[in-house]
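Contents: one structure, followed by commentary.
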Amino acid sequence: MSLTEAFRQRTTPQLQLGNRFRALPRSAKWSLSALLIAALYLTPYWPDVPVLGWIINTPGTSFENVLTDQIMMFILVALGLNVVVGFAGLLDLGYVGFYAVGAYTTAVVTSGQFTLPWIAALPLSVIMAMIAGVILGTPTLRLRGDYLAIVTLGFGEIIRITANNSNWLGGPRGISKIARPPSFGPLQFGVLNAKPYWYLGFTVILIVIFVLTRLENSRVGRAWAAVREDEDAAELMGVDTFKFKLWAFAIGAAIGGLAGCLYASKVGFINPDNFQLQLSILFLAAVVLGGTGSMYGVIMGGFLVAWIPERFRGFSTRRYFVFGVVLVLVMVFRPQGIIPRRGAAAGIAKKGESDV
Amino acid sequence: MSDVLLSVDQVTMQFGGVTALDNVSLHINKGEILGLIGPNGAGKTTCFNVITGVYAPTSGTVTFDDKSLLGLKRFQITKRGIARTFQNIRLFPDMSAVENVMVGVDAHSKTSVVGAILGIPRSRREETESRERAHELLKFIGIDEYAEVAARNLPYGHQRRLEIARALGTNPKLLCLDEPAAGFNPAEKQELNELILKIRDQGYTVLLIEHDMNVVMKISDRIAVLDFGRKIAEGLPQEIRNNPDVVAAYLGVPDDAA
Amino acid sequence: MSHWLIYRTFWDLTVSGIVLGLIYALVALGYTMVYGVLRLINFAHSEIFMVGTFGVLISLTKVFGISLFDDGQYPYRSGFVLVAILVCSIIAAMVVSGAGAIVLERTAYRPLRGAGDAYGAVVLAFLTGLIASFLFSDHIMTNLAIAAVITGPVSFGYVRIFRRGRQAPRLAFLISAIGSSMAMAEAVATWGPEQRSVYTTPRVLEKKVLFNFLGADVRIDYVIVAIGAILMMTSLLLFVNRTRLGRGIRAVAQDAETARILGVNVNSVILVTFLLGGAMAGGAAMMFTLVYDQTRFNIGFLLGVKSFTAAVLGGIGNIKGALFGGIVLGLAENYGSSIFGGQWKDVIAFVVLLTVLMFRPTGILGESLGKARV
């Protein structure tokens, strides 16, 4: 096969778009990105834009609340879970556990007797979630694929049930009066206006994207990809697979905890029902729907999974039935996701995956 | 400081009721090419797997560079200096050729995860160096124009060579090649012979499993023969070629002589 | 189910634990067999169980016309009528669950293996039509009508796409399973008469205590469950070990490619595997309604997770392991609840699993999935 033919097989419309972007002169790249970021900061105002507004607005609920209560969190969680599932190829069905650890840490630390300011609760939530990730990962990452799935599923449930059964975690009633981020200047974190939460959340998302892009393009990202593609071969090529898998878990958990912290501070009260197993499943669906391993794909996936049920509230009780069917349809006709990770465009299974 | 790089001492490998390796002992000297031959099922790949740490031997030891390899994890063995290719190619299919090799080079990277996150100067430097080294190796084996092509899209011969480049990326002292000539035509086998000799001339020691006698006899300095998990001969190619036990193992003993 | 406040004897817990465990085991069979053959966690198997319980409900209330109460009393039946009712209800459950499993395989999994066929295309087209119709109407009849119309043309398109026959990555199978599970549960929740509430099933069997074993009351429903479960599992084992199709299942579970080369019809084997798993789940469904007299749209969920845990516990892919794992889990749950309190019941399953996997990663009776294959 000729060189150009081989090369062309590697490109897809998305990749070509990406290539064309990369080919632009530096100044153009910067200005386009800045423009896009500015537009995204103004997302709460989109419902007021003529055509876009009609498409994006959510009937029955305020768009900015959907944006900050759900979309923002789903995007962050999708990014975090993508590190575990997409980058490192580890099947995690209990990601809600890390989300819950982050939320509960923020809740306990800012509403109890000894209160810390929110600005301290944030890193604490991240650290606690990371610790949870390491605790979960250390004994279980030696297990292969599907065993890991069921064990992580159990972990998520253990967290929820423990919260439900523990009084110091609020029991079934949960914890309320959770602190909000500190207000300063024009950014007032109150009950009525959700926009400042979006500014804060979107900034966090940008930072996370920046860090993850850096990781992806380093030896760490390569090690994760190698583990994902062929773990045994990776280990024989000198990759300390256990260490990198644990780091993937830890980083993914940290991001989950971060999302949990933001969630708790936005809604002000949480209880165990907010962290059910179904949420883990929705998280995973967001990643796979968007394109496992592709950061922008999972952002889109997170957005869609959070937004579609609200946008189509007209479907009322049938929303989740529709969601289930849509999941199946997408997997049947476009299993690689909406924005596939490069190399996965054809949706062809890899070694060891196609057993039948 | 002996001449011996790798020493396999009385290694027995049992899987349940099956004895794949039975009291096998052999050694490889620095800078030589040792061919490992034997009929199918003789235990050659099992031997590889024991050496590279995929299996822990039921009994016996493996000593590399005067240190025992027992108890080490596989990636640690690779870091010590043993690299391998696979009988059925196991490249990272969706990664490009250069990325595949970079994974090998990364084996000795000192950048930590935190360092990578923070983007410290060493991390950036190692990244550039890793990529340069990978390109160097791709040029060495002759497929640098395909550097950005996904491994799964490469033609078969290039994939086999890429596996070798990736193994070389880990900067090994001992390179283990598992049937590198499988599926090659005579011309390609000739190229492969030259490549392996080139590798040896660069200072690497090579352990080679191969079925094609043309390849093995031509380039091996010494040959070891396995049959039914036992070593039945070891010596210079000439000796092996004329060894009646070896001939019997491959061709079988005629009925009337039994 | 609310006995946790009462002090229970060891044998009491053991007896009910075994019964619970047998139900887990029957459901676990479906998970373990499908996993053995396809390396897939059939997330939707829990809903296959659930539809089986509704099969029982419908057969009892609609076919036999039994109401919940006869003049304020339970509608007990006896003698031959009782036996006929029980037999019919288990058959109904097995048929419904089995059929559900077949539809599931053809619709949500087979296309992902690149082997999509017309049946799957039709179901998917119908579902597409159905959700499209939601944009226009709320009335279920209109929805069905629109869906029926759309099914025809769309299924042709789907079949053509299926012809391309591409294999999807493993994660896609899981998400498809999850979506199917959600769709089935939500369908029942949305269009069933009780929606998301509990459905009580008529109690036709008077739960007499047959005998007392070391302080434990052994009720007749326990005995029926025990006998029924053992019969079902024995038949399954005989089928898998003695018949040609069973050999095919074992062959595909060990090496699908070679089995295919040797002439085994892999697609049929997979279909039969799903059917058998579904039938087992149907049996479990009937036994569940017998013991607990209730069901609801999400009854499959927790039980499914635990059954899968039982399958892993016993060694996934291992049929005897499913039995073993189920009983161990049932007992562990009972003992654990009495020691730690009922509210921790659901955690126990996972803690047991974690502990076992840490020391014996291949499950108690073993299946070596953890070893490298080089």
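Chains: A, B, ... in order of the structure tokens. Residues: from 1 per chain. Ligands: from 1, in order shown.
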Where does chain A meet chain B within 7 Å, residue by residue, with the nearest atom pair and distance in Å to one decimal for each, counting only C-alpha atoms, listed by chain and rising number, as a Markdown table?
```
| residue | atom | partner | partner_atom | distance |
| --- | --- | --- | --- | --- |
| A:Ala6 | CA | B:Asn153 | CA | 6.3 |
| A:Phe7 | CA | B:Val149 | CA | 5.8 |
| A:Arg10 | CA | B:Ala150 | CA | 6.9 |
| A:Val211 | CA | B:Ile117 | CA | 6.1 |
| A:Arg214 | CA | B:Ile117 | CA | 6.3 |
| A:Leu215 | CA | B:Ile117 | CA | 5.8 |
| A:Ser218 | CA | B:Ala116 | CA | 6.3 |
| A:Arg219 | CA | B:Asp106 | CA | 6.4 |
| A:Val220 | CA | B:Val113 | CA | 6.4 |
| A:Arg222 | CA | B:Val103 | CA | 6.4 |
| A:Ala223 | CA | B:Val103 | CA | 6.6 |
| A:Ala226 | CA | B:Phe92 | CA | 6.3 |
| A:Glu229 | CA | B:Phe92 | CA | 5.6 |
| A:Asp230 | CA | B:Phe92 | CA | 6.4 |
| A:Ala233 | CA | B:Arg90 | CA | 6.5 |
| A:Glu235 | CA | B:Phe75 | CA | 5.1 |
| A:Leu236 | CA | B:Phe75 | CA | 5.5 |
| A:Met237 | CA | B:Gly104 | CA | 5.4 |
| A:Gly238 | CA | B:Phe75 | CA | 4.1 |
| A:Val239 | CA | B:Phe75 | CA | 5.7 |
| A:Asp240 | CA | B:Phe75 | CA | 5.8 |
| A:Gly343 | CA | B:Asp94 | CA | 5.1 |
```
message: Distance cut-off 8 Å, counting only C-alpha atoms - which residues of chain C neighbour chain A? Return them as a VMD selection string.
response: chain C and resid 38 to 39 41 108 111 to 113 124 127 to 128 131 134 to 135 161 166 to 173 175 to 187 190 255 to 257 266 309 312 343 to 344 347 350 to 351 353 to 354 358 361 369 to 370 372 to 374
Contacts of stretch 202-209 of chain B within 8 Å, only C-alpha atoms, excl. fewer than 3 positions in-chain, as a list in words: Ile28, Asn29, Lys30, Gly31, Glu32, Ile33, Leu34, Gly35, Leu36, Ile37, Lys44, Thr45, Pro172, Lys173, Leu174, Leu175, Cys176, Leu177, Asp178, Glu179, Pro180, Lys198, Ile199 and Val216 of chain B
field: Per-residue DSSP, stretch 115-295 of chain C, filtered to strand (DSSP E or B), as a list in words
entry: Tyr199, Thr200, Val209, Leu210, Phe211, Asn212, Phe213, Ala216, Asp217, Val218, Arg219, Gln294 and Thr295 of chain C
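Using only C-alpha atoms, the contacts of C:Ile299 at a cut-off of 10 Å, with sequence neighbours closer than 5 positions omitted, comprise C:Ser46, C:Glu47, C:Phe49, C:Met50, C:Val51, C:Thr53, C:Ala185, C:Val198, C:Gln294, C:Gly304.
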- prompt: stretch 115-193 of chain B: which residues are alpha helix (DSSP H) by DSSP, as a PyMOL selection string?
  reply: chain B and resi 115-118+121-141+156-169+186-193
Would you export the selected residues with C-alpha atoms as a compact mmCIF listing (two decimals), in the first residue's frame, please?
```
# COMPACT_ATOMS: atom_id res chain seq x y z
CA GLY B 115 6.37 16.05 36.56
CA ALA B 116 4.38 15.44 33.44
CA ILE B 117 1.38 17.31 34.85
CA LEU B 118 3.47 20.29 35.79
CA PRO B 121 11.70 21.19 31.89
CA ARG B 122 12.95 17.63 32.28
CA SER B 123 9.61 16.30 31.15
CA ARG B 124 9.67 18.41 28.03
CA ARG B 125 13.26 17.56 27.31
CA GLU B 126 12.72 13.83 27.71
CA GLU B 127 9.71 14.06 25.43
CA THR B 128 11.76 15.56 22.61
CA GLU B 129 14.61 13.15 23.20
CA SER B 130 12.25 10.22 23.25
CA ARG B 131 10.77 11.21 19.93
CA GLU B 132 14.21 11.75 18.38
CA ARG B 133 15.46 8.40 19.60
CA ALA B 134 12.34 6.73 18.23
CA HIS B 135 12.90 8.27 14.82
CA GLU B 136 16.54 7.19 14.96
CA LEU B 137 15.48 3.62 15.56
CA LEU B 138 12.87 3.74 12.83
CA LYS B 139 15.54 4.94 10.42
CA PHE B 140 17.85 2.19 11.61
CA ILE B 141 15.37 -0.49 10.69
CA TYR B 156 3.10 -7.05 7.50
CA GLY B 157 6.83 -6.88 7.00
CA HIS B 158 6.97 -3.36 8.37
CA GLN B 159 4.99 -4.44 11.43
CA ARG B 160 7.52 -7.15 12.18
CA ARG B 161 10.33 -4.68 11.86
CA LEU B 162 8.49 -2.13 13.96
CA GLU B 163 8.27 -4.67 16.76
CA ILE B 164 12.03 -5.00 16.63
CA ALA B 165 12.47 -1.23 16.71
CA ARG B 166 10.15 -0.98 19.68
CA ALA B 167 12.11 -3.62 21.53
CA LEU B 168 15.34 -1.83 20.72
CA GLY B 169 13.77 1.33 22.12
CA PRO B 186 13.27 -15.39 0.76
CA ALA B 187 14.21 -11.85 -0.18
CA GLU B 188 12.66 -10.48 2.99
CA LYS B 189 14.41 -13.17 5.01
CA GLN B 190 17.68 -12.05 3.55
CA GLU B 191 16.95 -8.46 4.58
CA LEU B 192 16.05 -9.68 8.03
CA ASN B 193 19.34 -11.58 8.32
```
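Between atom CA of B:Cys47 and atom CA of C:Gly366 the interatomic distance comes to 26.5 Å.
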statement: Shortest contact to chain C, candidates B:Ala56, B:Ile223, B:Val62, B:Gln87, atoms counted only C-alpha atoms, goes to B:Gln87
task: Identify, on the basis of only C-alpha atoms, every residue whose closest approach to stretch 192-194 of chain A does not exceed 9 Å; exclude the query and any residue fewer than 3 positions from it along the same chain; express the result as a PyMOL selection string.
output: chain A and resi 44+64-65+67-69+188-189+197-198+266
Output the selection as a PDB file, in the first residue's frame - N, CA and C atoms for each residue.
```pdb
ATOM      1  N   PRO A  44     -24.553  30.817  29.543  1.00  0.00           N
ATOM      2  CA  PRO A  44     -25.857  31.092  30.176  1.00  0.00           C
ATOM      3  C   PRO A  44     -26.721  32.048  29.391  1.00  0.00           C
ATOM      4  N   GLU A  64     -30.000  28.084  32.803  1.00  0.00           N
ATOM      5  CA  GLU A  64     -28.751  28.253  33.538  1.00  0.00           C
ATOM      6  C   GLU A  64     -28.685  27.322  34.739  1.00  0.00           C
ATOM      7  N   ASN A  65     -29.815  26.933  35.280  1.00  0.00           N
ATOM      8  CA  ASN A  65     -29.763  25.960  36.358  1.00  0.00           C
ATOM      9  C   ASN A  65     -29.414  24.576  35.855  1.00  0.00           C
ATOM     10  N   LEU A  67     -27.626  24.083  33.352  1.00  0.00           N
ATOM     11  CA  LEU A  67     -26.217  24.214  33.021  1.00  0.00           C
ATOM     12  C   LEU A  67     -25.337  23.987  34.238  1.00  0.00           C
ATOM     13  N   THR A  68     -25.707  24.609  35.350  1.00  0.00           N
ATOM     14  CA  THR A  68     -24.823  24.555  36.510  1.00  0.00           C
ATOM     15  C   THR A  68     -25.133  23.410  37.464  1.00  0.00           C
ATOM     16  N   ASP A  69     -26.365  22.907  37.434  1.00  0.00           N
ATOM     17  CA  ASP A  69     -26.666  21.789  38.317  1.00  0.00           C
ATOM     18  C   ASP A  69     -26.222  20.483  37.701  1.00  0.00           C
ATOM     19  N   GLN A 188     -21.296  37.122  42.571  1.00  0.00           N
ATOM     20  CA  GLN A 188     -22.021  36.865  43.813  1.00  0.00           C
ATOM     21  C   GLN A 188     -22.611  35.470  43.753  1.00  0.00           C
ATOM     22  N   PHE A 189     -22.113  34.576  44.624  1.00  0.00           N
ATOM     23  CA  PHE A 189     -22.616  33.207  44.613  1.00  0.00           C
ATOM     24  C   PHE A 189     -23.824  33.102  45.522  1.00  0.00           C
ATOM     25  N   TYR A 197     -21.707  30.540  39.108  1.00  0.00           N
ATOM     26  CA  TYR A 197     -21.306  29.148  39.239  1.00  0.00           C
ATOM     27  C   TYR A 197     -20.758  28.625  37.925  1.00  0.00           C
ATOM     28  N   TRP A 198     -21.370  29.073  36.837  1.00  0.00           N
ATOM     29  CA  TRP A 198     -20.902  28.640  35.533  1.00  0.00           C
ATOM     30  C   TRP A 198     -19.514  29.193  35.260  1.00  0.00           C
ATOM     31  N   LYS A 266     -23.169  24.080  44.777  1.00  0.00           N
ATOM     32  CA  LYS A 266     -24.215  24.732  43.981  1.00  0.00           C
ATOM     33  C   LYS A 266     -25.592  24.436  44.553  1.00  0.00           C
TER      34      LYS A 266
END
```
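Proximity to A:Arg180 was assessed for A:Val204, A:Ala107, A:Ile209, A:Met130 counting only C-alpha atoms; the smallest distance is recorded for A:Ala107.
Across the structure, atom CA of A:Tyr41 and atom CA of A:Ser27 are spaced 21.0 Å apart.
Atom CA of C:Ala44 is positioned 9.1 Å from atom CA of C:Phe301.
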Test item: residues at most 9 Å from B:Glu234, only C-alpha atoms, excluding those fewer than 2 positions along its chain, as a compact mmCIF listing (two decimals) with C-alpha atoms, in the first residue's frame:
```
# COMPACT_ATOMS: atom_id res chain seq x y z
CA LEU B 26 21.64 -22.87 28.50
CA ARG B 222 25.70 -20.89 18.39
CA ILE B 223 22.51 -22.89 18.43
CA ALA B 224 20.53 -24.64 21.17
CA VAL B 225 17.97 -27.28 20.30
CA LYS B 231 17.58 -29.43 25.53
CA ILE B 232 18.94 -32.08 23.25
CA LEU B 236 28.06 -24.41 16.64
CA PRO B 237 25.74 -24.43 13.62
CA GLU B 239 27.77 -29.40 14.79
CA ILE B 240 24.01 -29.00 15.15
```
